[in-house]
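S.K.: Starting off with a structure, shown below.
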Amino acid sequence: MATATGARPAVGVLALQGAVREHVAMLESAGARAVPVRRPAELSRVDGLVLPGGESTAMSRLLETFELLEPLRERIAGGLPAFGSCAGMILLARQVLDGRPDQRQLGGLDVVVRRNAFGRQVDSFEADLPFAGLPGGPLHAVFIRAPWVEKAGDGVEVLATVADPEDPPDGTRADRIVAVRQGAVVATAFHPEITRDERVHRLFVELVRKA
């Protein structure tokens with residue numbers, strides 16, 4: 001589906017579970033026409049797709065229930081721009097560590113992701129991160145039961161890292177990968193949709209326009 005230069009691209013938000021409304025609001029503010037996606041016919045009409053934060057195993061099951069799993073795999077493999085935040089990052093990964101045996105992957109990113117890597121909900125935290133290619137200084141990031149990228153393939157660009165909150169007191173530092181891009185597919189371990197900073201969504205909308 002082609003979008004004329006300068007037009008508002010139709011960007012879908014997978015609307016099966018998770019932070020759907022928050023992404024819709026951010027996309028509209030970032031210059032897109034946001035479209036909830038629950039059916040294959042709706043998926044076929046969008047120029048890009050956001051996979052929101054939520055519960056990755058539940059979303060995986062619902063993709064199969066709503067007959068979206070294979071159509072979505074095919075569209076991403078065919079070049080559909082996609083952006084996943086938190087649970088969306090997990091779904092887009094090639095492989096997930098600590099996931100359920102029946103969990104399904106979309107394979108849009110050549111990464112291995114560790115689910116709930118930073119701990120449980122009580123271990124949620126916030127940090128200001130340098131983000132490659134994003135003007136305007138550090139990005140304020142909110143991590144809630146967040147994953148991290150354990151391993152990234154050669155074709156994956158690392159956009160942001162964060163120090164592991166469990167770093168030992170001796171100053172040894174383990175930087176964890178929390179934002180990546182591979183072609184037109186972007187993913188963050190954190191939730192840009194729940195802040196007032198539209199820059200990640202604007203970056204994605206621009207990728208959709210160029211695709």
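If you're wondering about the labels, chains in the structure tokens are A, B, ... by order shown, residues count from 1 in each chain, ligands from 1 in order shown.
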A:Pro40: which residues within 8 Å, counting only C-alpha atoms, same-chain residues fewer than 6 positions away excluded, as a PyMOL selection string?

M.R.: chain A and resi 67-68+71

S.K.: Store the residues of this selection in a file with all heavy atoms, as a PDB file, in the first residue's frame.

M.R.:
ATOM      1  N   GLU A  67      -6.349 -15.190  13.802  1.00  0.00           N
ATOM      2  CA  GLU A  67      -5.812 -15.560  12.493  1.00  0.00           C
ATOM      3  C   GLU A  67      -4.941 -14.455  11.900  1.00  0.00           C
ATOM      4  O   GLU A  67      -4.949 -14.190  10.689  1.00  0.00           O
ATOM      5  CB  GLU A  67      -6.941 -15.933  11.533  1.00  0.00           C
ATOM      6  CG  GLU A  67      -7.769 -17.112  12.024  1.00  0.00           C
ATOM      7  CD  GLU A  67      -8.877 -17.509  11.063  1.00  0.00           C
ATOM      8  OE1 GLU A  67      -9.283 -16.661  10.238  1.00  0.00           O
ATOM      9  OE2 GLU A  67      -9.335 -18.656  11.134  1.00  0.00           O
ATOM     10  N   LEU A  68      -4.131 -13.834  12.765  1.00  0.00           N
ATOM     11  CA  LEU A  68      -3.244 -12.758  12.343  1.00  0.00           C
ATOM     12  C   LEU A  68      -1.782 -13.181  12.303  1.00  0.00           C
ATOM     13  O   LEU A  68      -0.957 -12.477  11.710  1.00  0.00           O
ATOM     14  CB  LEU A  68      -3.369 -11.555  13.288  1.00  0.00           C
ATOM     15  CG  LEU A  68      -4.510 -10.579  13.015  1.00  0.00           C
ATOM     16  CD1 LEU A  68      -4.695  -9.647  14.203  1.00  0.00           C
ATOM     17  CD2 LEU A  68      -4.218  -9.772  11.754  1.00  0.00           C
ATOM     18  N   PRO A  71      -0.463 -14.003   8.523  1.00  0.00           N
ATOM     19  CA  PRO A  71      -0.485 -12.791   7.693  1.00  0.00           C
ATOM     20  C   PRO A  71       0.495 -11.731   8.163  1.00  0.00           C
ATOM     21  O   PRO A  71       1.122 -11.052   7.336  1.00  0.00           O
ATOM     22  CB  PRO A  71      -1.936 -12.306   7.823  1.00  0.00           C
ATOM     23  CG  PRO A  71      -2.716 -13.530   8.140  1.00  0.00           C
ATOM     24  CD  PRO A  71      -1.819 -14.367   8.993  1.00  0.00           C
TER      25      PRO A  71
END

S.K.: Please identify every residue of stretch 51-133 of chain A that has at least one atom no farther than 8 Å from an atom of stretch 13-29 of chain A, counting only C-alpha atoms, and for each give the shortest atom pair and the distance in Å to one decimal, arranged by chain then increasing number, as JSON lines.

M.R.:
{"residue": "A:Leu51", "atom": "CA", "partner": "A:Leu14", "partner_atom": "CA", "distance": 5.4}
{"residue": "A:Pro52", "atom": "CA", "partner": "A:Ala19", "partner_atom": "CA", "distance": 5.6}
{"residue": "A:Gly53", "atom": "CA", "partner": "A:Gly18", "partner_atom": "CA", "distance": 5.4}
{"residue": "A:Gly54", "atom": "CA", "partner": "A:Gly18", "partner_atom": "CA", "distance": 3.9}
{"residue": "A:Glu55", "atom": "CA", "partner": "A:Gly18", "partner_atom": "CA", "distance": 6.9}
{"residue": "A:Ala58", "atom": "CA", "partner": "A:Gln17", "partner_atom": "CA", "distance": 7.7}
{"residue": "A:Met59", "atom": "CA", "partner": "A:Gln17", "partner_atom": "CA", "distance": 6.3}
{"residue": "A:Leu62", "atom": "CA", "partner": "A:Leu16", "partner_atom": "CA", "distance": 6.7}
{"residue": "A:Leu63", "atom": "CA", "partner": "A:Leu16", "partner_atom": "CA", "distance": 7.8}

S.K.: To test your reading of the structure, identify every residue in stretch 47-195 of chain A that backbone DSSP assigns to strand (DSSP E), and report it as a ChimeraX atom specification.

M.R.: /A:48-51,82-85,93-97,109-114,125-129,139-143,148-152,157-163,175-182,185-188

S.K.: Rank nothing, just name the residue among A:Pro130, A:Gly183, A:Gly31, A:Pro192 nearest to A:Pro81, using only C-alpha atoms.

M.R.: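 The shortest atom-to-atom distance to A:Pro81 comes from A:Gly183.
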
S.K.: Between A:His201, A:Arg61, A:Lys151, A:Arg145, which is the closest to A:Ala93 once you count only C-alpha atoms?

M.R.: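 When distances to A:Ala93 are compared using only C-alpha atoms, the smallest one comes from A:Lys151.
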
S.K.: Neighbouring residues of A:Ala179 were defined as those with any atom within 9 Å, considering only C-alpha atoms; residues of the same chain fewer than 2 positions away were excluded. Please report them as a ChimeraX atom specification.

M.R.: /A:89,131,148-149,157-161,177,181,186-190

S.K.: Show which residues sit within 12 Å of A:Glu42, as a ChimeraX atom specification. Count only C-alpha atoms, and ignore same-chain residues fewer than 3 positions away.

M.R.: /A:10-15,34-39,45-49,66-68,71-72

S.K.: Generate the output file for the selected residues, N, CA, C and O atoms, as a short mmCIF file (atom, residue, chain, number, x, y, z; two decimals), in the first residue's frame.

M.R.:
data_model
loop_
_atom_site.label_atom_id
_atom_site.label_comp_id
_atom_site.auth_asym_id
_atom_site.auth_seq_id
_atom_site.Cartn_x
_atom_site.Cartn_y
_atom_site.Cartn_z
N ALA A 10 -1.23 5.48 7.02
CA ALA A 10 -2.09 4.67 7.88
C ALA A 10 -1.20 3.71 8.67
O ALA A 10 -0.60 2.80 8.09
N VAL A 11 -1.08 3.93 9.96
CA VAL A 11 -0.25 3.09 10.81
C VAL A 11 -1.17 2.32 11.75
O VAL A 11 -1.91 2.91 12.55
N GLY A 12 -1.14 1.01 11.63
CA GLY A 12 -1.96 0.18 12.49
C GLY A 12 -1.37 0.02 13.88
O GLY A 12 -0.16 0.12 14.07
N VAL A 13 -2.25 -0.21 14.84
CA VAL A 13 -1.84 -0.60 16.19
C VAL A 13 -2.51 -1.93 16.48
O VAL A 13 -3.75 -2.02 16.44
N LEU A 14 -1.72 -2.96 16.73
CA LEU A 14 -2.29 -4.26 17.04
C LEU A 14 -3.16 -4.13 18.29
O LEU A 14 -2.67 -3.81 19.38
N ALA A 15 -4.46 -4.35 18.13
CA ALA A 15 -5.43 -4.00 19.17
C ALA A 15 -6.03 -5.22 19.84
O ALA A 15 -7.22 -5.28 20.09
N ALA A 34 -3.85 6.74 12.77
CA ALA A 34 -3.76 5.49 13.53
C ALA A 34 -5.00 4.63 13.32
O ALA A 34 -6.13 5.14 13.36
N VAL A 35 -4.77 3.33 13.11
CA VAL A 35 -5.85 2.40 12.78
C VAL A 35 -5.74 1.17 13.68
O VAL A 35 -4.74 0.44 13.59
N PRO A 36 -6.71 0.90 14.55
CA PRO A 36 -6.68 -0.35 15.32
C PRO A 36 -6.76 -1.56 14.38
O PRO A 36 -7.55 -1.55 13.43
N VAL A 37 -5.95 -2.57 14.65
CA VAL A 37 -5.91 -3.77 13.80
C VAL A 37 -6.25 -5.00 14.64
O VAL A 37 -5.54 -5.30 15.61
N ARG A 38 -7.34 -5.68 14.25
CA ARG A 38 -7.75 -6.92 14.92
C ARG A 38 -7.96 -8.06 13.94
O ARG A 38 -8.08 -9.21 14.35
N ARG A 39 -8.05 -7.75 12.65
CA ARG A 39 -8.39 -8.75 11.64
C ARG A 39 -7.42 -8.66 10.47
O ARG A 39 -6.86 -7.60 10.19
N ARG A 45 -4.61 -3.19 5.05
CA ARG A 45 -4.83 -1.81 4.61
C ARG A 45 -3.91 -0.80 5.28
O ARG A 45 -4.08 0.41 5.07
N VAL A 46 -2.92 -1.25 6.07
CA VAL A 46 -2.05 -0.29 6.76
C VAL A 46 -0.67 -0.25 6.12
O VAL A 46 -0.22 -1.20 5.48
N ASP A 47 0.00 0.89 6.31
CA ASP A 47 1.35 1.11 5.77
C ASP A 47 2.44 0.72 6.76
O ASP A 47 3.61 0.62 6.39
N GLY A 48 2.10 0.56 8.01
CA GLY A 48 3.03 0.17 9.05
C GLY A 48 2.22 -0.32 10.24
O GLY A 48 1.00 -0.13 10.29
N LEU A 49 2.90 -0.96 11.20
CA LEU A 49 2.17 -1.53 12.34
C LEU A 49 2.98 -1.36 13.62
O LEU A 49 4.18 -1.59 13.65
N PHE A 66 -7.06 -14.83 16.38
CA PHE A 66 -7.64 -13.89 15.42
C PHE A 66 -7.08 -14.09 14.00
O PHE A 66 -7.30 -13.24 13.14
N GLU A 67 -6.35 -15.19 13.80
CA GLU A 67 -5.81 -15.56 12.49
C GLU A 67 -4.94 -14.45 11.90
O GLU A 67 -4.95 -14.19 10.69
N LEU A 68 -4.13 -13.83 12.77
CA LEU A 68 -3.24 -12.76 12.34
C LEU A 68 -1.78 -13.18 12.30
O LEU A 68 -0.96 -12.48 11.71
N PRO A 71 -0.46 -14.00 8.52
CA PRO A 71 -0.49 -12.79 7.69
C PRO A 71 0.50 -11.73 8.16
O PRO A 71 1.12 -11.05 7.34
N LEU A 72 0.66 -11.58 9.48
CA LEU A 72 1.59 -10.58 10.00
C LEU A 72 3.03 -10.98 9.72
O LEU A 72 3.86 -10.15 9.32
#

S.K.: Given the choices A:Leu69, A:Cys86, A:Val113, A:Ala141, which gets closest to A:Val50 if the distance is worked out from only C-alpha atoms?

M.R.: A:Cys86

S.K.: Considering only helix (DSSP H, G or I) as DSSP defines it on the backbone, what residues of stretch 7-173 of chain A qualify? List them as a PyMOL selection string.

M.R.: chain A and resi 20-29+40-43+56-65+69-77+87-92+121-123

S.K.: For A:Leu109, find every residue with an atom within 9 Å (counting only C-alpha atoms), except residues of its own chain fewer than 2 positions away, and show them as a VMD selection string.

M.R.: chain A and resid 89 92 to 94 106 to 107 111 to 112 152 to 153 156 180 to 182 185 to 187

S.K.: Of the residues A:Ile90, A:Gly136, A:Gly99, A:Lys210, which is the one nearest to A:Ala184, using only C-alpha atoms?

M.R.: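 That would be A:Lys210, the residue with the smallest distance to A:Ala184.
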
S.K.: Between atom CA of A:Arg104 and atom CA of A:Leu80, what distance in Å does the model show, to one decimal?

M.R.: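 For atom CA of A:Arg104 relative to atom CA of A:Leu80, the distance reads 18.7 Å.
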
S.K.: Rounded to one decimal place, report the atom CA of A:Arg114-atom CA of A:Val96 distance in Å.

M.R.: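 Between atom CA of A:Arg114 and atom CA of A:Val96 the gap is 5.8 Å.
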
S.K.: So, counting only C-alpha atoms, which residue among A:Arg75, A:Ala82, A:Ser60, A:Leu134 is closest to A:Glu198?

M.R.: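 Closest to A:Glu198, using only C-alpha atoms: A:Leu134.
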
S.K.: Can you pull out the residues contacting A:Pro9? Cut-off 7 Å, using only C-alpha atoms, and skip same-chain residues under 5 positions away; I want them as a list of chain:residue names.

M.R.: A:Thr3, A:Ala32, A:Arg33, A:Asp47, A:Arg209
